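*Asks:* Got a structure for you, input-v2.cif, holding mmCIF, C-alpha atoms.
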data_protein
#
loop_
_atom_site.label_atom_id
_atom_site.label_comp_id
_atom_site.auth_asym_id
_atom_site.auth_seq_id
_atom_site.Cartn_x
_atom_site.Cartn_y
_atom_site.Cartn_z
CA MET A 13 107.82 88.64 135.29
CA GLU A 14 104.13 89.48 134.90
CA VAL A 15 103.05 93.03 134.11
CA THR A 16 99.36 93.82 134.70
CA LEU A 17 97.88 96.86 132.96
CA ASN A 18 94.63 98.51 134.02
CA GLY A 19 91.90 99.71 131.67
CA TYR A 20 93.50 103.09 130.98
CA TYR A 21 96.83 101.67 129.83
CA THR A 22 95.11 98.87 127.95
CA LEU A 23 93.11 101.45 126.00
CA ILE A 24 96.25 103.48 125.30
CA PHE A 25 98.12 100.48 123.93
CA ALA A 26 95.08 99.40 121.89
CA THR A 27 94.83 102.80 120.20
CA LEU A 28 98.58 102.77 119.49
CA VAL A 29 98.13 99.38 117.82
CA LEU A 30 95.34 100.82 115.66
CA LEU A 31 97.47 103.81 114.63
CA LEU A 32 100.35 101.50 113.77
CA GLY A 33 98.02 99.31 111.74
CA ARG A 34 96.66 102.30 109.81
CA PHE A 35 100.21 103.37 108.96
CA LEU A 36 101.19 99.87 107.78
CA VAL A 37 98.08 99.38 105.62
CA LYS A 38 98.68 102.73 103.91
CA LYS A 39 102.35 102.02 103.28
CA ILE A 40 102.30 98.29 102.37
CA LYS A 41 100.36 97.52 99.20
CA PHE A 42 99.92 93.82 100.01
CA LEU A 43 97.99 94.63 103.17
CA GLU A 44 95.72 97.04 101.30
CA ASP A 45 95.16 94.71 98.33
CA PHE A 46 94.05 91.82 100.54
CA ASN A 47 91.89 93.93 102.85
CA ILE A 48 93.92 93.09 105.96
CA PRO A 49 92.20 95.02 108.80
CA GLU A 50 94.25 97.74 110.46
CA PRO A 51 93.91 96.15 113.95
CA VAL A 52 95.29 92.89 112.55
CA ALA A 53 98.22 94.54 110.76
CA GLY A 54 99.25 96.51 113.84
CA GLY A 55 98.24 93.83 116.32
CA LEU A 56 100.38 91.12 114.78
CA ILE A 57 103.43 93.38 115.01
CA ALA A 58 102.56 94.06 118.66
CA ALA A 59 102.10 90.34 119.29
CA VAL A 60 105.56 89.62 117.86
CA ILE A 61 107.07 92.31 120.11
CA VAL A 62 105.32 90.82 123.16
CA TYR A 63 106.59 87.38 122.13
CA ALA A 64 110.15 88.70 121.83
CA LEU A 65 109.95 90.31 125.27
CA ASN A 66 108.75 86.99 126.71
CA LEU A 67 111.41 85.00 124.90
CA ILE A 68 114.35 87.25 125.79
CA TRP A 69 113.49 88.67 129.22
CA GLY A 70 110.58 86.52 130.38
CA TYR A 71 108.02 89.34 130.45
CA SER A 72 104.34 88.42 130.33
CA PHE A 73 101.62 91.05 129.98
CA ASN A 74 98.08 90.90 131.35
CA PHE A 75 95.72 93.41 129.77
CA HIS A 76 92.37 94.52 131.19
CA GLN A 77 89.91 91.77 130.25
CA GLY A 78 86.79 93.70 131.24
CA LEU A 79 87.40 96.36 128.58
CA GLN A 80 88.11 93.72 125.94
CA THR A 81 84.91 91.85 126.80
CA ALA A 82 82.85 95.04 126.69
CA THR A 83 84.05 95.99 123.20
CA MET A 84 83.45 92.43 121.99
CA LEU A 85 79.85 92.50 123.24
CA MET A 86 79.32 95.93 121.68
CA PHE A 87 80.46 94.61 118.31
CA PHE A 88 78.12 91.62 118.34
CA ALA A 89 75.27 93.80 119.57
CA SER A 90 75.88 96.07 116.57
CA ILE A 91 75.49 93.09 114.22
CA GLY A 92 72.16 92.27 115.80
CA LEU A 93 71.00 95.88 115.72
CA SER A 94 71.78 95.98 112.00
CA ALA A 95 69.93 92.74 111.16
CA ASP A 96 66.76 94.18 109.66
CA PHE A 97 64.69 91.19 108.57
CA GLY A 98 62.57 93.58 106.54
CA ARG A 99 65.46 93.66 104.07
CA LEU A 100 64.74 90.05 103.22
CA LYS A 101 61.98 91.39 100.98
CA ALA A 102 64.51 93.32 98.93
CA GLY A 103 66.63 90.23 98.31
CA GLY A 104 63.66 87.96 97.75
CA THR A 105 64.00 84.25 97.04
CA PRO A 106 67.64 84.44 95.80
CA LEU A 107 68.68 85.92 99.16
CA LEU A 108 66.99 83.07 101.02
CA ILE A 109 68.53 80.44 98.73
CA PHE A 110 72.00 81.96 99.07
CA THR A 111 71.65 82.03 102.85
CA ILE A 112 70.80 78.31 102.79
CA VAL A 113 73.77 77.59 100.50
CA VAL A 114 76.06 79.45 102.91
CA SER A 115 74.55 77.68 105.93
CA VAL A 116 75.20 74.25 104.45
CA PHE A 117 78.78 75.25 103.72
CA ILE A 118 79.31 76.37 107.33
CA ILE A 119 78.28 72.90 108.50
CA LEU A 120 80.62 71.31 105.92
CA GLN A 121 83.45 73.59 106.99
CA ASP A 122 83.08 72.56 110.62
CA VAL A 123 82.77 68.87 109.77
CA VAL A 124 86.00 69.07 107.76
CA GLY A 125 87.77 70.98 110.53
CA VAL A 126 86.74 68.59 113.29
CA ALA A 127 87.48 65.50 111.20
CA MET A 128 90.92 66.74 110.15
CA ALA A 129 91.80 67.79 113.70
CA SER A 130 90.84 64.34 114.99
CA VAL A 131 92.89 62.58 112.31
CA LEU A 132 95.93 64.76 113.05
CA GLY A 133 95.68 64.17 116.80
CA LEU A 134 94.44 67.63 117.80
CA ASP A 135 91.57 68.56 120.07
CA PRO A 136 88.41 68.35 117.88
CA LEU A 137 87.35 71.74 119.20
CA LEU A 138 90.45 73.22 117.56
CA GLY A 139 88.90 71.90 114.36
CA LEU A 140 86.06 74.37 114.87
CA VAL A 141 88.65 77.14 115.16
CA THR A 142 90.07 76.07 111.78
CA GLY A 143 86.49 75.81 110.54
CA SER A 144 83.71 78.38 110.61
CA ILE A 145 84.85 80.10 113.82
CA ALA A 146 87.80 81.82 112.16
CA LEU A 147 87.18 81.32 108.44
CA THR A 148 83.52 82.17 107.92
CA GLY A 149 83.39 84.07 111.21
CA GLY A 150 86.48 86.23 110.80
CA HIS A 151 88.59 87.91 113.46
CA GLY A 152 85.72 89.11 115.66
CA THR A 153 84.13 85.67 115.93
CA ALA A 154 87.57 84.05 116.32
CA GLY A 155 88.38 86.25 119.29
CA ALA A 156 84.99 85.77 120.93
CA TRP A 157 84.81 81.99 120.54
CA GLY A 158 88.50 81.69 121.42
CA VAL A 159 87.79 83.09 124.87
CA VAL A 160 84.82 80.71 125.28
CA LEU A 161 86.84 77.66 124.24
CA GLU A 162 89.72 78.58 126.56
CA GLU A 163 87.62 79.40 129.61
CA GLN A 164 84.80 76.86 129.33
CA TYR A 165 86.42 73.98 127.42
CA ASN A 166 90.09 74.37 128.44
CA VAL A 167 91.30 74.56 124.84
CA VAL A 168 94.77 76.09 125.10
CA GLY A 169 95.68 78.64 122.42
CA ALA A 170 92.22 78.88 120.86
CA THR A 171 92.25 82.69 120.64
CA THR A 172 95.77 82.87 119.27
CA LEU A 173 95.06 80.17 116.69
CA GLY A 174 91.76 81.77 115.72
CA ILE A 175 93.35 85.14 114.97
CA ALA A 176 96.09 83.46 112.92
CA VAL A 177 93.59 81.34 110.95
CA ALA A 178 91.33 84.33 110.30
CA THR A 179 94.29 86.26 108.91
CA TYR A 180 95.16 83.35 106.61
CA GLY A 181 91.53 83.23 105.52
CA LEU A 182 91.53 86.89 104.45
CA VAL A 183 94.48 86.29 102.14
CA ALA A 184 93.25 82.93 100.84
CA GLY A 185 89.72 84.21 100.26
CA GLY A 186 91.10 87.09 98.22
CA LEU A 187 93.25 84.76 96.14
CA VAL A 188 90.73 82.05 95.20
CA GLY A 189 87.53 84.03 94.54
CA GLY A 190 88.59 85.73 91.31
CA PRO A 191 90.02 82.63 89.58
CA VAL A 192 86.90 80.59 90.44
CA ALA A 193 84.61 83.22 88.89
CA ARG A 194 86.80 83.71 85.82
CA ARG A 195 86.86 79.99 85.06
CA LEU A 196 83.07 79.77 85.39
CA ILE A 197 82.58 82.85 83.21
CA ASN A 198 84.97 81.57 80.56
CA LYS A 199 83.02 78.32 80.40
CA MET A 200 79.93 80.41 79.59
CA GLY A 201 81.81 82.07 76.75
CA LEU A 202 81.64 85.60 78.16
CA LYS A 203 84.38 88.01 77.14
CA PRO A 204 85.78 90.87 79.25
CA THR A 205 84.02 94.17 78.71
CA PRO A 206 86.22 96.37 76.49
CA VAL A 207 87.44 99.55 78.10
CA ASN A 208 86.13 102.72 76.44
CA PRO A 209 89.21 104.88 75.83
CA ASN A 210 87.01 107.98 75.72
CA GLN A 211 85.56 107.33 79.18
CA SER A 212 87.09 109.59 81.79
CA ASP A 213 88.39 108.36 85.11
CA VAL A 214 85.60 110.28 86.82
CA GLU A 215 82.97 108.45 84.74
CA LYS A 216 84.58 105.08 85.50
CA LEU A 217 84.64 105.88 89.22
CA ALA A 218 81.03 107.04 89.12
CA GLY A 219 79.97 103.82 87.43
CA LYS A 220 81.81 101.76 89.98
CA GLN A 221 80.36 103.68 92.90
CA SER A 222 76.84 103.24 91.56
CA LEU A 223 77.02 99.60 92.56
CA TYR A 224 77.51 100.67 96.16
CA SER A 225 75.13 103.63 96.16
CA THR A 226 73.66 104.65 99.49
CA LYS A 227 70.05 105.79 99.54
CA HIS A 228 69.46 108.98 101.45
CA SER A 229 66.07 110.24 102.53
CA GLU A 230 65.13 113.88 102.89
CA ASP A 231 66.07 113.97 106.58
CA GLY A 232 69.54 112.63 105.88
CA ASP A 233 68.92 109.14 107.25
CA HIS A 234 69.80 106.14 105.12
CA ARG A 235 69.70 102.40 104.76
CA HIS A 236 73.11 101.41 103.48
CA GLU A 237 73.71 97.96 102.10
CA GLU A 238 77.31 97.62 103.26
CA MET A 239 77.37 97.11 107.01
CA PHE A 240 80.88 96.91 108.53
CA GLU A 241 82.55 96.65 105.11
CA LYS A 242 84.20 100.05 104.76
CA PRO A 243 84.99 101.35 108.24
CA ASP A 244 86.91 104.36 106.89
CA ASN A 245 83.90 105.73 105.00
CA ILE A 246 82.56 109.00 106.42
CA ARG A 247 79.23 108.65 108.20
CA ILE A 248 77.40 111.79 109.32
CA ILE A 249 76.07 111.25 112.83
CA THR A 250 74.96 113.55 115.62
CA ALA A 251 75.29 113.57 119.40
CA SER A 252 71.59 112.77 119.85
CA SER A 253 71.68 109.88 117.38
CA THR A 254 74.77 108.50 119.12
CA ILE A 255 73.07 108.66 122.52
CA GLU A 256 69.94 106.98 121.13
CA SER A 257 72.07 104.25 119.59
CA LEU A 258 74.06 103.75 122.79
CA ALA A 259 70.75 103.25 124.60
CA LEU A 260 69.95 100.45 122.13
CA PHE A 261 73.38 98.94 122.73
CA ALA A 262 72.82 99.12 126.48
CA GLY A 263 69.51 97.30 126.04
CA ALA A 264 71.14 94.56 124.00
CA LEU A 265 73.95 94.13 126.55
CA ALA A 266 71.51 94.11 129.46
CA PHE A 267 69.49 91.44 127.65
CA ALA A 268 72.70 89.44 127.15
CA ASP A 269 73.66 89.71 130.81
CA ILE A 270 70.20 88.66 132.04
CA MET A 271 69.87 85.76 129.59
CA THR A 272 73.36 84.48 130.40
CA LEU A 273 72.32 84.18 134.06
CA VAL A 274 68.83 82.83 133.37
CA ALA A 275 69.96 80.24 130.82
CA ALA A 276 72.98 79.02 132.80
CA ASP A 277 73.06 75.23 133.21
CA THR A 278 70.04 74.80 130.92
CA ALA A 279 69.59 73.60 127.36
CA PHE A 280 69.53 77.25 126.27
CA GLU A 281 72.95 78.13 127.71
CA LEU A 282 74.81 80.28 125.17
CA PRO A 283 77.96 82.44 125.26
CA THR A 284 77.18 86.00 126.33
CA PHE A 285 78.17 87.47 122.96
CA VAL A 286 75.58 85.27 121.22
CA TRP A 287 72.91 86.66 123.54
CA ALA A 288 74.17 90.18 122.75
CA LEU A 289 73.69 89.48 119.05
CA ALA A 290 70.25 87.98 119.69
CA GLY A 291 69.28 90.92 121.88
CA GLY A 292 70.24 93.32 119.11
CA VAL A 293 68.14 91.39 116.59
CA ILE A 294 65.09 91.39 118.89
CA ILE A 295 65.37 95.09 119.74
CA ARG A 296 65.95 96.10 116.12
CA ASN A 297 63.07 94.23 114.60
CA ALA A 298 60.65 94.88 117.47
CA LEU A 299 61.20 98.62 117.19
CA THR A 300 61.01 98.76 113.39
CA MET A 301 58.12 96.34 112.86
CA VAL A 302 55.94 97.04 115.88
CA PHE A 303 56.67 100.69 116.65
CA ASN A 304 57.88 101.81 113.20
CA PHE A 305 61.00 103.24 114.85
CA ASP A 306 63.48 104.87 112.48
CA MET A 307 66.81 103.22 113.32
CA PHE A 308 69.92 105.34 112.86
CA ASP A 309 72.12 102.80 111.10
CA ARG A 310 75.04 105.18 110.64
CA ALA A 311 75.61 105.55 114.39
CA ILE A 312 75.25 101.78 114.91
CA ASP A 313 77.74 101.20 112.12
CA VAL A 314 80.32 103.61 113.55
CA ILE A 315 80.00 102.31 117.12
CA GLY A 316 80.19 98.70 115.90
CA ASN A 317 83.29 99.32 113.78
CA ALA A 318 85.05 101.20 116.56
CA SER A 319 84.23 98.45 119.06
CA LEU A 320 85.50 95.74 116.70
CA SER A 321 88.77 97.61 116.08
CA LEU A 322 89.43 98.10 119.80
CA PHE A 323 88.49 94.51 120.60
CA LEU A 324 90.81 93.10 117.95
CA ALA A 325 93.66 95.36 119.04
CA MET A 326 93.32 94.20 122.66
CA ALA A 327 92.89 90.55 121.63
CA LEU A 328 96.05 90.66 119.52
CA LEU A 329 97.99 92.36 122.32
CA SER A 330 97.01 89.41 124.53
CA LEU A 331 98.15 86.76 122.05
CA LYS A 332 100.57 84.13 123.28
CA LEU A 333 102.31 83.14 120.06
CA TRP A 334 104.42 80.52 121.85
CA GLU A 335 101.24 78.45 122.22
CA LEU A 336 101.17 77.85 118.44
CA THR A 337 104.59 76.22 118.12
CA ASP A 338 103.34 72.63 118.17
CA LEU A 339 100.22 73.38 116.10
CA ALA A 340 101.82 74.96 113.03
CA GLY A 341 102.22 71.83 110.88
CA PRO A 342 98.82 70.18 111.47
CA VAL A 343 96.96 73.50 111.22
CA LEU A 344 98.59 74.29 107.88
CA ILE A 345 97.41 70.92 106.52
CA ILE A 346 93.85 71.63 107.69
CA LEU A 347 93.86 75.09 106.12
CA VAL A 348 95.03 73.76 102.76
CA VAL A 349 92.18 71.23 102.81
CA GLN A 350 89.68 73.93 103.85
CA THR A 351 90.83 76.11 100.95
CA LEU A 352 90.29 73.27 98.46
CA VAL A 353 86.86 72.57 99.97
CA MET A 354 85.92 76.26 99.57
CA ILE A 355 87.00 76.27 95.93
CA GLY A 356 85.10 73.06 95.17
CA TYR A 357 81.94 74.19 96.96
CA ALA A 358 81.85 77.60 95.30
CA TYR A 359 82.51 76.05 91.88
CA PHE A 360 80.18 73.05 92.00
CA VAL A 361 77.50 74.05 94.53
CA THR A 362 77.17 77.83 94.93
CA PHE A 363 77.34 78.46 91.19
CA ARG A 364 74.90 75.70 90.25
CA VAL A 365 72.33 76.32 92.98
CA MET A 366 72.29 80.08 92.34
CA GLY A 367 71.34 79.62 88.68
CA LYS A 368 74.47 78.76 86.66
CA ASP A 369 74.52 82.23 85.09
CA TYR A 370 76.79 85.27 85.26
CA ASP A 371 75.29 86.50 88.54
CA ALA A 372 75.88 83.03 90.01
CA ALA A 373 79.55 83.21 89.01
CA VAL A 374 79.92 86.58 90.76
CA LEU A 375 78.12 85.16 93.81
CA ALA A 376 80.60 82.24 93.81
CA ALA A 377 83.45 84.76 93.94
CA GLY A 378 81.74 86.57 96.81
CA HIS A 379 81.10 83.36 98.72
CA SER A 380 84.78 82.44 98.38
CA GLY A 381 85.61 85.80 99.92
CA PHE A 382 83.57 85.65 103.13
CA GLY A 383 83.59 81.84 103.33
CA MET A 384 87.35 82.07 103.89
CA GLY A 385 87.83 85.64 105.01
CA ALA A 386 85.30 88.42 105.48
CA THR A 387 82.69 90.48 103.67
CA PRO A 388 85.20 93.14 102.50
CA THR A 389 87.14 90.34 100.81
CA ALA A 390 83.93 89.17 99.15
CA ILE A 391 83.20 92.69 97.89
CA ALA A 392 86.76 93.03 96.57
CA ASN A 393 86.46 89.68 94.76
CA MET A 394 83.18 90.64 93.11
CA GLN A 395 84.43 94.08 92.17
CA ALA A 396 87.48 92.54 90.47
CA VAL A 397 85.14 90.37 88.39
CA THR A 398 82.57 93.04 87.53
CA ASP A 399 85.30 95.54 86.63
CA ARG A 400 86.51 93.07 84.02
CA TYR A 401 83.18 91.77 82.75
CA LEU A 402 79.67 93.04 83.50
CA PRO A 403 77.89 94.63 86.50
CA SER A 404 75.95 92.32 88.80
CA PRO A 405 73.46 94.31 90.92
CA LYS A 406 71.94 91.04 92.16
CA ALA A 407 75.24 89.85 93.66
CA PHE A 408 75.99 93.23 95.21
CA LEU A 409 72.57 93.24 96.85
CA ILE A 410 72.72 89.71 98.24
CA VAL A 411 76.32 89.23 99.41
CA PRO A 412 76.59 92.31 101.68
CA MET A 413 73.34 91.43 103.49
CA VAL A 414 74.25 87.77 103.98
CA GLY A 415 77.92 88.39 104.74
CA ALA A 416 77.42 91.34 107.06
CA PHE A 417 74.94 89.90 109.53
CA PHE A 418 72.81 86.90 108.47
CA VAL A 419 75.86 84.64 108.29
CA ASP A 420 76.88 85.56 111.86
CA ILE A 421 73.48 84.55 113.19
CA VAL A 422 73.58 81.23 111.35
CA ASN A 423 77.21 80.61 112.29
CA ALA A 424 76.58 81.24 115.99
CA THR A 425 73.69 78.77 115.96
CA ILE A 426 75.66 76.05 114.18
CA LEU A 427 78.71 76.49 116.40
CA GLN A 428 76.60 76.25 119.53
CA ILE A 429 75.32 72.86 118.31
CA PHE A 430 78.84 71.64 117.46
CA THR A 431 80.27 72.59 120.86
CA LYS A 432 77.62 70.45 122.56
CA LEU A 433 78.49 67.32 120.56
CA PRO A 434 80.34 64.55 122.47
CA PHE A 435 83.70 64.62 120.68
#
Could you rewrite the structure in this file as structure tokens?

*Replies:*
Amino acid sequence: MEVTLNGYYTLIFATLVLLLGRFLVKKIKFLEDFNIPEPVAGGLIAAVIVYALNLIWGYSFNFHQGLQTATMLMFFASIGLSADFGRLKAGGTPLLIFTIVVSVFIILQDVVGVAMASVLGLDPLLGLVTGSIALTGGHGTAGAWGVVLEEQYNVVGATTLGIAVATYGLVAGGLVGGPVARRLINKMGLKPTPVNPNQSDVEKLAGKQSLYSTKHSEDGDHRHEEMFEKPDNIRIITASSTIESLALFAGALAFADIMTLVAADTAFELPTFVWALAGGVIIRNALTMVFNFDMFDRAIDVIGNASLSLFLAMALLSLKLWELTDLAGPVLIILVVQTLVMIGYAYFVTFRVMGKDYDAAVLAAGHSGFGMGATPTAIANMQAVTDRYLPSPKAFLIVPMVGAFFVDIVNATILQIFTKLPF
């Protein structure tokens, strides 16, 4: 029996999933320690319930796809609207080098995924799902590309697999980053920083927060360095700033809609969400560089986070877990190989190219975090290292900028090339 739910009921169920996820993350330490997003925690429980209803009584649920697509496009537009290329000056040459290092790894990750999928008898495009789509890309990219692969390339189970792989990546990225950095640091002969018994908890917290300080101007605006990393942080926004930001989102989505139609059946044909990201980038940098427009990043951040949470909740509600039954064994083998590749690359390439010093070791931990999981995992990895050893302002400047938006632009470009290859 098929049950079709309209947009109102889809939104109700999505918000219930988010509330369930918030409850689980607060109550289960494992979920909090490994930065498992609330939509994923609640959504996986919902997906299991939907699977049980299908298995026992044959129920199948169809949720409103238009609402899911809209929130997905809003999220990718928010990434583009946050991609201020003027910030490249702040990171300088190390930021550019690290972006190149990450870009090369994305290509390697996809090559490994496609090659392993072919060897194990799977569709090579599923190799991209077990590559940078879900690992470097995370849950948002996994859901977006999953829809593209299913609708345009007839890859069954791409969305379901992508969400599962992205969840594995969050845990794996959190597990491998710290040990990689510690081994590199120990080889350099650095010792953990002794804890000052006279230092109060308030002083320790203040020192830790200084690494993530947000710069505020006199009018209350700011340019924070952590986009989409701490969605529960309080951001002070106003009705007017929200309306202005929504106008920018509307421009990015209109650009995406027009370009999708114009570029159809041409060499420039791209998924709509990629055009939404590109539209955001163009609007952001045109307004700031040409018109000196003061972007309200806080509103963009809040709208982007809310859109991502709703999109993931609806995507997980729509999962068909029964589609993964035959893929479990081969996918697990690919993921083990991808984890080993991430460890080796961070240890031998990221660390060496970034200078073979303490900052490079912290950057290797960060790369392990978002190369397998997401930027919050990278931040958690680096914080675990710097809490034990020394601060690394360089790493905390570079990783959030690359992990929050530059990597998504690079990843979308590389994936577009891979999907056009004749597998």

*Asks:* I need the residue set behind the PyMOL selection byres ((chain A and resi 281-287) around 7) for this file; please write it as a PyMOL selection string.

*Replies:* chain A and resi 85+88+268-269+271-272+275-280+288-291+424

*Asks:* Using Å and a single decimal, report how far atom CA of A:Val123 sits from atom CA of A:Thr425.

*Replies:*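 According to the coordinates, atom CA of A:Thr425 and atom CA of A:Val123 are separated by 14.8 Å.
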
*Asks:* When you count only C-alpha atoms, which of these residues is closest to A:Gln350: A:Val160, A:Leu36, A:Ile68, A:Val188?

*Replies:*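 Checking each of A:Val160, A:Leu36, A:Ile68, A:Val188 against A:Gln350, counting only C-alpha atoms, the winner is A:Val188.
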
*Asks:* Let me make sure I understand: among A:Phe261, A:Tyr21, A:Phe35, A:Trp334, which one has the smallest atom-to-atom distance to A:Leu67 if we use only C-alpha atoms?

*Replies:*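 Nearest candidate to A:Leu67 out of A:Phe261, A:Tyr21, A:Phe35, A:Trp334: A:Trp334.
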
*Asks:* Just to confirm, what's the straight-line distance from atom CA of A:Lys199 to atom CA of A:Thr389 in Å (one decimal)?

*Replies:* 24.0 Å

*Asks:* Go through the shown structure with the PyMOL selection byres ((chain A and resi 73-82) around 8) and write out the matching residues as number ranges by chain.

*Replies:* A: 14-19, 22, 62, 71-72, 83-86, 322-323, 326-327, 329-330

*Asks:* Is it possible to add N, CA, C and O atoms to stretch 261-277 of chain A and hand it back as an mmCIF file, keeping the file's coordinate frame?

*Replies:*
data_model
loop_
_atom_site.group_PDB
_atom_site.id
_atom_site.type_symbol
_atom_site.label_atom_id
_atom_site.label_comp_id
_atom_site.auth_asym_id
_atom_site.auth_seq_id
_atom_site.Cartn_x
_atom_site.Cartn_y
_atom_site.Cartn_z
ATOM 1 N N PHE A 261 72.282 99.843 122.380
ATOM 2 C CA PHE A 261 73.380 98.940 122.730
ATOM 3 C C PHE A 261 73.261 98.494 124.189
ATOM 4 O O PHE A 261 73.463 97.319 124.504
ATOM 5 N N ALA A 262 72.964 99.448 125.056
ATOM 6 C CA ALA A 262 72.820 99.120 126.480
ATOM 7 C C ALA A 262 71.706 98.107 126.692
ATOM 8 O O ALA A 262 71.835 97.173 127.498
ATOM 9 N N GLY A 263 70.604 98.266 125.948
ATOM 10 C CA GLY A 263 69.510 97.300 126.040
ATOM 11 C C GLY A 263 69.917 95.918 125.603
ATOM 12 O O GLY A 263 69.579 94.918 126.251
ATOM 13 N N ALA A 264 70.673 95.855 124.504
ATOM 14 C CA ALA A 264 71.140 94.560 124.000
ATOM 15 C C ALA A 264 72.096 93.892 124.987
ATOM 16 O O ALA A 264 72.030 92.680 125.225
ATOM 17 N N LEU A 265 72.996 94.687 125.591
ATOM 18 C CA LEU A 265 73.950 94.130 126.550
ATOM 19 C C LEU A 265 73.271 93.718 127.848
ATOM 20 O O LEU A 265 73.653 92.703 128.466
ATOM 21 N N ALA A 266 72.267 94.484 128.267
ATOM 22 C CA ALA A 266 71.510 94.110 129.460
ATOM 23 C C ALA A 266 70.758 92.799 129.212
ATOM 24 O O ALA A 266 70.715 91.918 130.088
ATOM 25 N N PHE A 267 70.170 92.684 128.028
ATOM 26 C CA PHE A 267 69.490 91.440 127.650
ATOM 27 C C PHE A 267 70.472 90.269 127.695
ATOM 28 O O PHE A 267 70.151 89.185 128.201
ATOM 29 N N ALA A 268 71.686 90.492 127.166
ATOM 30 C CA ALA A 268 72.700 89.440 127.150
ATOM 31 C C ALA A 268 73.095 89.021 128.565
ATOM 32 O O ALA A 268 73.248 87.823 128.859
ATOM 33 N N ASP A 269 73.257 89.998 129.440
ATOM 34 C CA ASP A 269 73.660 89.710 130.810
ATOM 35 C C ASP A 269 72.572 88.920 131.546
ATOM 36 O O ASP A 269 72.851 87.928 132.241
ATOM 37 N N ILE A 270 71.314 89.348 131.375
ATOM 38 C CA ILE A 270 70.200 88.660 132.040
ATOM 39 C C ILE A 270 70.042 87.237 131.519
ATOM 40 O O ILE A 270 69.907 86.281 132.290
ATOM 41 N N MET A 271 70.077 87.081 130.184
ATOM 42 C CA MET A 271 69.870 85.760 129.590
ATOM 43 C C MET A 271 71.013 84.809 129.905
ATOM 44 O O MET A 271 70.798 83.605 130.026
ATOM 45 N N THR A 272 72.222 85.340 130.031
ATOM 46 C CA THR A 272 73.360 84.480 130.400
ATOM 47 C C THR A 272 73.132 83.874 131.779
ATOM 48 O O THR A 272 73.423 82.690 132.015
ATOM 49 N N LEU A 273 72.598 84.677 132.713
ATOM 50 C CA LEU A 273 72.320 84.180 134.060
ATOM 51 C C LEU A 273 71.121 83.239 134.077
ATOM 52 O O LEU A 273 71.152 82.180 134.714
ATOM 53 N N VAL A 274 70.059 83.625 133.371
ATOM 54 C CA VAL A 274 68.830 82.830 133.370
ATOM 55 C C VAL A 274 69.044 81.473 132.708
ATOM 56 O O VAL A 274 68.540 80.443 133.176
ATOM 57 N N ALA A 275 69.799 81.474 131.598
ATOM 58 C CA ALA A 275 69.960 80.240 130.820
ATOM 59 C C ALA A 275 71.124 79.371 131.283
ATOM 60 O O ALA A 275 71.361 78.306 130.716
ATOM 61 N N ALA A 276 71.841 79.805 132.312
ATOM 62 C CA ALA A 276 72.980 79.020 132.800
ATOM 63 C C ALA A 276 72.534 77.635 133.248
ATOM 64 O O ALA A 276 71.505 77.477 133.904
ATOM 65 N N ASP A 277 73.310 76.633 132.844
ATOM 66 C CA ASP A 277 73.060 75.230 133.210
ATOM 67 C C ASP A 277 71.717 74.722 132.686
ATOM 68 O O ASP A 277 71.093 73.839 133.284
#
